[in-house]
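Here is the file work-v1.pdb (PDB, C-alpha atoms and all ligand atoms).
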```
MODEL        1
ATOM      1  CA  MET A  40      82.622   6.979  24.602  1.00  0.00           C
ATOM      2  CA  PRO A  41      84.365   8.496  21.560  1.00  0.00           C
ATOM      3  CA  ALA A  42      85.304  12.144  21.981  1.00  0.00           C
ATOM      4  CA  LEU A  43      83.770  14.837  19.839  1.00  0.00           C
ATOM      5  CA  ARG A  44      86.360  16.427  17.576  1.00  0.00           C
ATOM      6  CA  ALA A  45      87.707  19.935  17.817  1.00  0.00           C
ATOM      7  CA  GLY A  46      85.478  22.200  15.758  1.00  0.00           C
ATOM      8  CA  PHE A  47      82.311  20.679  17.169  1.00  0.00           C
ATOM      9  CA  GLN A  48      81.699  23.729  19.371  1.00  0.00           C
ATOM     10  CA  ASP A  49      82.086  26.033  16.356  1.00  0.00           C
ATOM     11  CA  LEU A  50      79.597  23.967  14.404  1.00  0.00           C
ATOM     12  CA  LEU A  51      77.122  24.041  17.294  1.00  0.00           C
ATOM     13  CA  ASP A  52      77.548  27.822  17.598  1.00  0.00           C
ATOM     14  CA  ALA A  53      76.683  28.185  13.895  1.00  0.00           C
ATOM     15  CA  LEU A  54      73.381  26.306  14.039  1.00  0.00           C
ATOM     16  CA  GLU A  55      70.178  28.310  13.859  1.00  0.00           C
ATOM     17  CA  GLY A  56      67.943  28.333  16.902  1.00  0.00           C
ATOM     18  CA  VAL A  57      68.642  26.693  20.229  1.00  0.00           C
ATOM     19  CA  SER A  58      71.001  23.731  19.954  1.00  0.00           C
ATOM     20  CA  TYR A  59      72.702  21.531  22.467  1.00  0.00           C
ATOM     21  CA  ALA A  60      74.457  18.192  22.630  1.00  0.00           C
ATOM     22  CA  LEU A  61      73.923  15.594  25.340  1.00  0.00           C
ATOM     23  CA  ASP A  62      76.161  12.648  26.041  1.00  0.00           C
ATOM     24  CA  PRO A  63      74.523   9.207  25.721  1.00  0.00           C
ATOM     25  CA  GLN A  64      73.575   9.369  29.426  1.00  0.00           C
ATOM     26  CA  GLY A  65      71.711  12.642  28.923  1.00  0.00           C
ATOM     27  CA  MET A  66      74.245  15.081  30.417  1.00  0.00           C
ATOM     28  CA  PHE A  67      74.853  18.419  28.696  1.00  0.00           C
ATOM     29  CA  LEU A  68      78.130  18.311  26.746  1.00  0.00           C
ATOM     30  CA  ALA A  69      77.898  21.629  24.934  1.00  0.00           C
ATOM     31  CA  VAL A  70      75.384  24.247  23.845  1.00  0.00           C
ATOM     32  CA  GLY A  71      75.278  26.472  20.743  1.00  0.00           C
ATOM     33  CA  ARG A  72      76.328  29.637  22.537  1.00  0.00           C
ATOM     34  CA  PRO A  73      74.603  32.511  20.673  1.00  0.00           C
ATOM     35  CA  GLY A  74      71.221  30.753  20.478  1.00  0.00           C
ATOM     36  CA  TRP A  75      71.464  29.467  24.017  1.00  0.00           C
ATOM     37  CA  SER A  76      72.254  32.785  25.675  1.00  0.00           C
ATOM     38  CA  GLN A  77      69.444  34.427  23.710  1.00  0.00           C
ATOM     39  CA  PHE A  78      67.112  31.709  24.991  1.00  0.00           C
ATOM     40  CA  ALA A  79      68.236  32.183  28.634  1.00  0.00           C
ATOM     41  CA  THR A  80      67.812  35.979  28.343  1.00  0.00           C
ATOM     42  CA  ASP A  81      64.417  35.748  26.605  1.00  0.00           C
ATOM     43  CA  ASN A  82      63.141  33.555  29.386  1.00  0.00           C
ATOM     44  CA  GLY A  83      64.645  35.646  32.180  1.00  0.00           C
ATOM     45  CA  GLN A  84      66.371  32.564  33.554  1.00  0.00           C
ATOM     46  CA  PRO A  85      69.970  33.205  34.666  1.00  0.00           C
ATOM     47  CA  ALA A  86      69.974  29.673  36.116  1.00  0.00           C
ATOM     48  CA  LEU A  87      70.115  28.508  32.521  1.00  0.00           C
ATOM     49  CA  ALA A  88      73.419  30.316  31.866  1.00  0.00           C
ATOM     50  CA  GLU A  89      75.668  28.197  29.692  1.00  0.00           C
ATOM     51  CA  ASP A  90      78.451  27.765  32.260  1.00  0.00           C
ATOM     52  CA  ARG A  91      75.914  26.462  34.775  1.00  0.00           C
ATOM     53  CA  ILE A  92      74.325  23.896  32.529  1.00  0.00           C
ATOM     54  CA  ILE A  93      77.285  21.915  31.151  1.00  0.00           C
ATOM     55  CA  GLY A  94      77.565  18.659  33.069  1.00  0.00           C
ATOM     56  CA  ARG A  95      73.983  18.816  34.313  1.00  0.00           C
ATOM     57  CA  HIS A  96      71.410  16.241  33.286  1.00  0.00           C
ATOM     58  CA  LEU A  97      68.568  17.056  30.875  1.00  0.00           C
ATOM     59  CA  PHE A  98      66.142  15.802  33.526  1.00  0.00           C
ATOM     60  CA  ASP A  99      67.231  18.590  35.866  1.00  0.00           C
ATOM     61  CA  TYR A 100      65.234  20.779  33.476  1.00  0.00           C
ATOM     62  CA  VAL A 101      62.533  18.429  32.182  1.00  0.00           C
ATOM     63  CA  SER A 102      59.905  17.810  34.807  1.00  0.00           C
ATOM     64  CA  GLY A 103      57.157  15.230  35.011  1.00  0.00           C
ATOM     65  CA  PRO A 104      57.654  11.462  34.929  1.00  0.00           C
ATOM     66  CA  GLU A 105      55.585  10.977  31.735  1.00  0.00           C
ATOM     67  CA  VAL A 106      57.610  13.573  29.870  1.00  0.00           C
ATOM     68  CA  GLN A 107      60.921  12.182  31.114  1.00  0.00           C
ATOM     69  CA  ASP A 108      59.808   8.746  30.001  1.00  0.00           C
ATOM     70  CA  ILE A 109      59.211  10.014  26.461  1.00  0.00           C
ATOM     71  CA  TYR A 110      62.685  11.605  26.369  1.00  0.00           C
ATOM     72  CA  ARG A 111      64.235   8.404  27.714  1.00  0.00           C
ATOM     73  CA  ARG A 112      62.607   6.326  24.968  1.00  0.00           C
ATOM     74  CA  MET A 113      63.546   8.898  22.364  1.00  0.00           C
ATOM     75  CA  HIS A 114      67.218   8.713  23.431  1.00  0.00           C
ATOM     76  CA  GLU A 115      67.145   4.919  23.298  1.00  0.00           C
ATOM     77  CA  MET A 116      65.756   4.971  19.772  1.00  0.00           C
ATOM     78  CA  VAL A 117      68.254   7.562  18.565  1.00  0.00           C
ATOM     79  CA  LEU A 118      71.273   5.887  20.192  1.00  0.00           C
ATOM     80  CA  SER A 119      70.314   2.444  18.907  1.00  0.00           C
ATOM     81  CA  ARG A 120      69.730   3.959  15.431  1.00  0.00           C
ATOM     82  CA  THR A 121      66.202   2.556  15.426  1.00  0.00           C
ATOM     83  CA  ARG A 122      65.376   6.137  14.470  1.00  0.00           C
ATOM     84  CA  PRO A 123      68.568   8.184  14.144  1.00  0.00           C
ATOM     85  CA  GLN A 124      66.495  11.375  13.905  1.00  0.00           C
ATOM     86  CA  ILE A 125      63.188  12.231  15.551  1.00  0.00           C
ATOM     87  CA  THR A 126      61.355  15.508  14.943  1.00  0.00           C
ATOM     88  CA  PHE A 127      58.284  16.960  16.559  1.00  0.00           C
ATOM     89  CA  GLN A 128      56.520  20.286  16.946  1.00  0.00           C
ATOM     90  CA  PHE A 129      55.814  21.863  20.282  1.00  0.00           C
ATOM     91  CA  ARG A 130      54.841  25.141  21.869  1.00  0.00           C
ATOM     92  CA  CYS A 131      57.293  27.085  24.016  1.00  0.00           C
ATOM     93  CA  ASP A 132      55.710  30.382  25.046  1.00  0.00           C
ATOM     94  CA  ALA A 133      57.419  33.388  26.543  1.00  0.00           C
ATOM     95  CA  PRO A 134      55.377  35.416  29.059  1.00  0.00           C
ATOM     96  CA  ASP A 135      54.302  37.825  26.291  1.00  0.00           C
ATOM     97  CA  ALA A 136      54.460  35.681  23.150  1.00  0.00           C
ATOM     98  CA  GLU A 137      53.051  32.478  21.785  1.00  0.00           C
ATOM     99  CA  ARG A 138      55.808  30.453  20.138  1.00  0.00           C
ATOM    100  CA  ARG A 139      55.485  27.425  17.883  1.00  0.00           C
ATOM    101  CA  MET A 140      58.681  25.436  17.624  1.00  0.00           C
ATOM    102  CA  ARG A 141      60.112  22.452  15.819  1.00  0.00           C
ATOM    103  CA  MET A 142      62.590  20.153  17.549  1.00  0.00           C
ATOM    104  CA  SER A 143      64.892  17.645  15.966  1.00  0.00           C
ATOM    105  CA  VAL A 144      66.765  15.081  18.008  1.00  0.00           C
ATOM    106  CA  SER A 145      69.608  13.432  16.106  1.00  0.00           C
ATOM    107  CA  LEU A 146      72.400  10.990  16.664  1.00  0.00           C
ATOM    108  CA  ILE A 147      76.002  12.154  16.359  1.00  0.00           C
ATOM    109  CA  SER A 148      78.374   9.261  15.732  1.00  0.00           C
ATOM    110  CA  VAL A 149      82.144   9.407  15.926  1.00  0.00           C
ATOM    111  CA  GLU A 150      83.939   6.610  14.101  1.00  0.00           C
ATOM    112  CA  GLY A 151      80.739   4.607  13.990  1.00  0.00           C
ATOM    113  CA  GLU A 152      80.078   4.843  17.735  1.00  0.00           C
ATOM    114  CA  PRO A 153      77.234   6.894  19.286  1.00  0.00           C
ATOM    115  CA  ALA A 154      78.933   9.949  20.802  1.00  0.00           C
ATOM    116  CA  ALA A 155      76.191  12.465  21.439  1.00  0.00           C
ATOM    117  CA  ILE A 156      72.561  13.370  20.950  1.00  0.00           C
ATOM    118  CA  LEU A 157      72.013  16.674  19.171  1.00  0.00           C
ATOM    119  CA  TYR A 158      68.958  18.741  20.009  1.00  0.00           C
ATOM    120  CA  GLN A 159      68.073  21.586  17.686  1.00  0.00           C
ATOM    121  CA  SER A 160      64.939  23.680  18.060  1.00  0.00           C
ATOM    122  CA  GLN A 161      63.835  26.372  15.679  1.00  0.00           C
ATOM    123  CA  VAL A 162      61.016  28.880  15.919  1.00  0.00           C
ATOM    124  CA  LEU A 163      58.276  28.269  13.344  1.00  0.00           C
ATOM    125  CA  ALA A 164      56.045  31.156  14.419  1.00  0.00           C
ATOM    126  CA  GLU A 165      55.985  33.744  17.167  1.00  0.00           C
ATOM    127  CA  ILE A 166      52.973  35.928  17.932  1.00  0.00           C
ATOM    128  CA  SER A 167      52.967  38.682  20.569  1.00  0.00           C
ATOM    129  CA  ARG A 168      50.082  38.627  22.998  1.00  0.00           C
ATOM    130  CA  PRO A 169      49.242  40.119  26.400  1.00  0.00           C
ATOM    131  CA  PRO A 170      51.469  38.657  29.135  1.00  0.00           C
ATOM    132  CA  MET A 171      50.434  35.397  30.780  1.00  0.00           C
ATOM    133  CA  ASP A 172      51.981  34.764  34.175  1.00  0.00           C
ATOM    134  CA  LEU A 173      51.619  31.021  33.640  1.00  0.00           C
ATOM    135  CA  PHE A 174      54.704  31.384  31.422  1.00  0.00           C
ATOM    136  CA  ASP A 175      56.653  33.770  33.607  1.00  0.00           C
ATOM    137  CA  PRO A 176      58.939  31.748  35.899  1.00  0.00           C
ATOM    138  CA  VAL A 177      60.223  34.891  37.629  1.00  0.00           C
ATOM    139  CA  ALA A 178      56.759  36.162  38.500  1.00  0.00           C
ATOM    140  CA  ARG A 179      55.766  32.689  39.595  1.00  0.00           C
ATOM    141  CA  GLU A 180      58.830  32.020  41.715  1.00  0.00           C
ATOM    142  CA  ALA A 181      58.353  35.336  43.490  1.00  0.00           C
ATOM    143  CA  GLY A 182      55.059  34.009  44.814  1.00  0.00           C
ATOM    144  CA  LEU A 183      56.347  30.504  45.477  1.00  0.00           C
ATOM    145  CA  ALA A 184      56.504  30.774  49.261  1.00  0.00           C
ATOM    146  CA  SER A 185      52.797  31.489  49.408  1.00  0.00           C
ATOM    147  CA  MET A 186      51.924  28.928  46.753  1.00  0.00           C
ATOM    148  CA  ARG A 187      51.761  25.804  48.855  1.00  0.00           C
ATOM    149  CA  ASN A 188      48.025  25.989  49.278  1.00  0.00           C
ATOM    150  CA  MET A 189      47.262  27.021  45.742  1.00  0.00           C
ATOM    151  CA  PRO A 190      45.404  24.694  43.409  1.00  0.00           C
ATOM    152  CA  LEU A 191      47.503  22.456  41.197  1.00  0.00           C
ATOM    153  CA  ILE A 192      47.088  22.429  37.448  1.00  0.00           C
ATOM    154  CA  ASN A 193      48.696  20.133  34.943  1.00  0.00           C
ATOM    155  CA  MET A 194      50.390  21.687  31.900  1.00  0.00           C
ATOM    156  CA  CYS A 195      51.275  19.738  28.779  1.00  0.00           C
ATOM    157  CA  SER A 196      55.005  20.183  28.135  1.00  0.00           C
ATOM    158  CA  TYR A 197      54.454  20.006  24.395  1.00  0.00           C
ATOM    159  CA  CYS A 198      51.407  22.172  23.580  1.00  0.00           C
ATOM    160  CA  HIS A 199      50.944  24.085  26.895  1.00  0.00           C
ATOM    161  CA  ASP A 200      47.317  22.972  27.212  1.00  0.00           C
ATOM    162  CA  VAL A 201      46.272  22.859  30.846  1.00  0.00           C
ATOM    163  CA  ALA A 202      44.004  20.602  32.868  1.00  0.00           C
ATOM    164  CA  LEU A 203      42.796  20.661  36.419  1.00  0.00           C
ATOM    165  CA  THR A 204      44.429  17.779  38.238  1.00  0.00           C
ATOM    166  CA  GLY A 205      41.176  17.021  40.058  1.00  0.00           C
ATOM    167  CA  ASP A 206      39.679  16.038  36.713  1.00  0.00           C
ATOM    168  CA  GLY A 207      40.477  12.354  37.149  1.00  0.00           C
ATOM    169  CA  PRO A 208      43.155  10.187  35.556  1.00  0.00           C
ATOM    170  CA  ALA A 209      45.550  11.821  33.074  1.00  0.00           C
ATOM    171  CA  GLY A 210      43.914  10.204  30.036  1.00  0.00           C
ATOM    172  CA  ALA A 211      40.433  11.369  30.952  1.00  0.00           C
ATOM    173  CA  ARG A 212      41.324  14.963  31.820  1.00  0.00           C
ATOM    174  CA  GLN A 213      39.796  17.905  30.015  1.00  0.00           C
ATOM    175  CA  TRP A 214      42.707  19.719  28.391  1.00  0.00           C
ATOM    176  CA  ILE A 215      42.165  23.309  27.287  1.00  0.00           C
ATOM    177  CA  THR A 216      44.481  25.905  25.760  1.00  0.00           C
ATOM    178  CA  PRO A 217      45.993  28.473  28.150  1.00  0.00           C
ATOM    179  CA  GLU A 218      43.981  31.122  26.263  1.00  0.00           C
ATOM    180  CA  ALA A 219      40.737  29.251  26.968  1.00  0.00           C
ATOM    181  CA  TYR A 220      41.872  28.773  30.568  1.00  0.00           C
ATOM    182  CA  TYR A 221      42.205  32.534  31.093  1.00  0.00           C
ATOM    183  CA  ARG A 222      38.980  33.215  29.151  1.00  0.00           C
ATOM    184  CA  ALA A 223      37.166  30.906  31.553  1.00  0.00           C
ATOM    185  CA  GLY A 224      38.484  32.970  34.468  1.00  0.00           C
ATOM    186  CA  GLY A 225      41.479  30.737  35.241  1.00  0.00           C
ATOM    187  CA  SER A 226      43.984  32.250  37.664  1.00  0.00           C
ATOM    188  CA  SER A 227      47.763  32.587  37.476  1.00  0.00           C
ATOM    189  CA  GLN A 228      47.845  31.857  41.195  1.00  0.00           C
ATOM    190  CA  VAL A 229      48.245  28.120  40.761  1.00  0.00           C
ATOM    191  CA  ARG A 230      50.964  25.534  41.069  1.00  0.00           C
ATOM    192  CA  ILE A 231      51.913  23.841  37.803  1.00  0.00           C
ATOM    193  CA  SER A 232      52.931  20.247  37.325  1.00  0.00           C
ATOM    194  CA  HIS A 233      54.122  19.259  33.867  1.00  0.00           C
ATOM    195  CA  GLY A 234      52.822  16.297  31.949  1.00  0.00           C
ATOM    196  CA  ILE A 235      51.628  15.427  28.494  1.00  0.00           C
ATOM    197  CA  CYS A 236      48.091  15.655  27.129  1.00  0.00           C
ATOM    198  CA  GLN A 237      46.431  12.773  25.320  1.00  0.00           C
ATOM    199  CA  GLU A 238      46.734  14.411  21.900  1.00  0.00           C
ATOM    200  CA  CYS A 239      50.462  15.133  22.243  1.00  0.00           C
ATOM    201  CA  TYR A 240      51.008  11.687  23.670  1.00  0.00           C
ATOM    202  CA  GLU A 241      49.600  10.320  20.441  1.00  0.00           C
ATOM    203  CA  THR A 242      51.552  12.618  18.113  1.00  0.00           C
ATOM    204  CA  VAL A 243      54.871  12.941  19.978  1.00  0.00           C
ATOM    205  CA  GLY A 244      54.761   9.409  21.273  1.00  0.00           C
ATOM    206  CA  SER A 245      53.601   7.818  18.017  1.00  0.00           C
ATOM    207  CA  PRO A 246      57.026   7.527  16.305  1.00  0.00           C
ATOM    208  CA  LEU A 247      58.168   5.807  19.506  1.00  0.00           C
ATOM    209  CA  LYS A 248      55.187   3.463  19.634  1.00  0.00           C
ATOM    210  CA  ARG A 249      55.241   2.521  15.950  1.00  0.00           C
ATOM    211  CA  VAL A 250      58.529   0.678  16.222  1.00  0.00           C
ATOM    212  CA  ALA A 251      58.159  -0.389  19.834  1.00  0.00           C
TER     213      ALA A 251
HETATM  214 ZN    ZN B 301      49.723  18.635  24.557  1.00  0.00          ZN
ENDMDL
END
```
Entire entry expressed as structure tokens:
Amino acid sequence: MPALRAGFQDLLDALEGVSYALDPQGMFLAVGRPGWSQFATDNGQPALAEDRIIGRHLFDYVSGPEVQDIYRRMHEMVLSRTRPQITFQFRCDAPDAERRMRMSVSLISVEGEPAAILYQSQVLAEISRPPMDLFDPVAREAGLASMRNMPLINMCSYCHDVALTGDGPAGARQWITPEAYYRAGGSSQVRISHGICQECYETVGSPLKRVA
């Protein structure tokens, strides 16, 4: 694999938003430091500290087989230059704010050879709202020991819609926004498994399907 040149870290540090580079196998090579540390602080997640993430695999942080499968196909398409850049919108809430984001996933070549995959996400809109524990990993982890018997809900990794897992097969589930979930009396005392809703599967997955 060709090495990234000196200066790459400086370039990554200068990018707006949260940026990181993965090697072709999906391991973290480098992160844009200012944006990344802001992201780790905002989310109250010291485990995401920069020095602890380099060398780890993206899938240590992306859960759910369907979601991992989409990332895997996205990497294949970027690395093979079938689509050297893929962009999509997603939602990435903080406990007390709704956040709409845009992600671009791009190929970095060095001397014509694929060297890295660049992820860059930028905030499109952020709206404060009352805290939702569904998006507070610290509050949720604190209750983890007693969570084993709690009901399991499915959360879409892209739009944060939720569905009860008892609702039947993934495609037939009733997905509702987290706001509607709370309005309907939904509890924060649940276990969350991450997946992808039908609508996001069609929008996020469609650039992958079109050429497949
Ligand atoms: Zn979704």
Query - the PyMOL selection byres (((chain A and resi 213) around 6) and not hetatm) applied to the shown file, residues as an MDAnalysis selection string - result: chainID A and resid 202 212 214
Query raised in the report: When distances are computed from only C-alpha atoms, which of A:Arg122, A:Arg179, A:Arg130, A:Arg138 shows the smallest separation from Cys239 of chain A?
Result: A:Arg130
Closest pair table for segment 110-205 of chain A residues within 12 Å of segment 56-75 of chain A, all atoms listed in the file, as a tab-separated table:
```
residue	atom	partner	partner_atom	distance
A:Tyr110	CA	A:Gly65	CA	9.4
A:Arg111	CA	A:Gly65	CA	8.7
A:Arg112	CA	A:Gly65	CA	11.8
A:Met113	CA	A:Gly65	CA	11.1
A:His114	CA	A:Pro63	CA	7.7
A:Glu115	CA	A:Pro63	CA	8.9
A:Met116	CA	A:Pro63	CA	11.4
A:Val117	CA	A:Pro63	CA	9.7
A:Leu118	CA	A:Pro63	CA	7.2
A:Ser119	CA	A:Pro63	CA	10.5
A:Cys131	CA	A:Val57	CA	12.0
A:Met140	CA	A:Gly56	CA	9.7
A:Arg141	CA	A:Gly56	CA	9.9
A:Met142	CA	A:Val57	CA	9.3
A:Ser143	CA	A:Ser58	CA	9.5
A:Val144	CA	A:Ala60	CA	9.5
A:Ser145	CA	A:Ala60	CA	9.4
A:Leu146	CA	A:Pro63	CA	9.5
A:Ile147	CA	A:Ala60	CA	8.8
A:Ser148	CA	A:Pro63	CA	10.7
A:Glu152	CA	A:Pro63	CA	10.7
A:Pro153	CA	A:Pro63	CA	7.4
A:Ala154	CA	A:Asp62	CA	6.5
A:Ala155	CA	A:Asp62	CA	4.6
A:Ile156	CA	A:Leu61	CA	5.1
A:Leu157	CA	A:Ala60	CA	4.5
A:Tyr158	CA	A:Tyr59	CA	5.3
A:Gln159	CA	A:Ser58	CA	4.3
A:Ser160	CA	A:Val57	CA	5.2
A:Gln161	CA	A:Gly56	CA	4.7
A:Val162	CA	A:Gly56	CA	7.0
A:Leu163	CA	A:Gly56	CA	10.3
```
Requested in this report: Expand the PyMOL selection byres (((not hetatm)) within 12 of (chain B and resi 301)) into the individual residues it matches in the shown file, reporting them as JSON, numbers by chain.
Outcome: {"A": [106, 127, 128, 129, 130, 131, 193, 194, 195, 196, 197, 198, 199, 200, 201, 202, 209, 210, 212, 213, 214, 215, 216, 217, 233, 234, 235, 236, 237, 238, 239, 240, 241, 242, 243, 244]}
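Relative to atom CA of Thr126 of chain A, atom CA of Thr80 of chain A is found at 25.3 Å.
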Counting only C-alpha atoms, write as a CSV table (one decimal) with C-alpha atoms, in the frame of the given file all protein and nucleic acid residues lying at most 9 Å from (56.2, 33.8, 14.6) in the file's frame.
```csv
chain,number,residue,atom,x,y,z
A,136,ALA,CA,54.5,35.7,23.2
A,137,GLU,CA,53.1,32.5,21.8
A,138,ARG,CA,55.8,30.5,20.1
A,139,ARG,CA,55.5,27.4,17.9
A,162,VAL,CA,61.0,28.9,15.9
A,163,LEU,CA,58.3,28.3,13.3
A,164,ALA,CA,56.0,31.2,14.4
A,165,GLU,CA,56.0,33.7,17.2
A,166,ILE,CA,53.0,35.9,17.9
A,167,SER,CA,53.0,38.7,20.6
```
Query raised in the report: For the file shown, what are the residues hit by the PyMOL selection byres (((chain A and resi 190) around 6) and not hetatm), laid out as a list in words?
Result: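 What the PyMOL selection byres (((chain A and resi 190) around 6) and not hetatm) grabs from the file is Met189, Leu191 and Val229 of chain A.
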Query raised in the report: For the atom pair atom CA of Asp81 of chain A and atom CA of Ile231 of chain A, what is the interatomic distance in Å to one decimal place?
Result: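 Atom-to-atom, atom CA of Asp81 of chain A to atom CA of Ile231 of chain A, that is 20.6 Å.
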**Report entry** Counting all atoms listed in the file, the option among A:Glu55, A:Ser232, A:Arg120, A:Arg91 closest to Gln77 of chain A
**Finding:**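 So, comparing all the options, the nearest one is A:Glu55.
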Set up a box along x, y and z of the file covering all listed atoms of segment 152-171 of chain A, add 6 Å on every one of the six sides, and write the centre and edge lengths in Å to one decimal, as JSON.
```
{"center_x": 64.7, "center_y": 22.5, "center_z": 22.1, "size_x": 42.8, "size_y": 47.3, "size_z": 29.4}
```
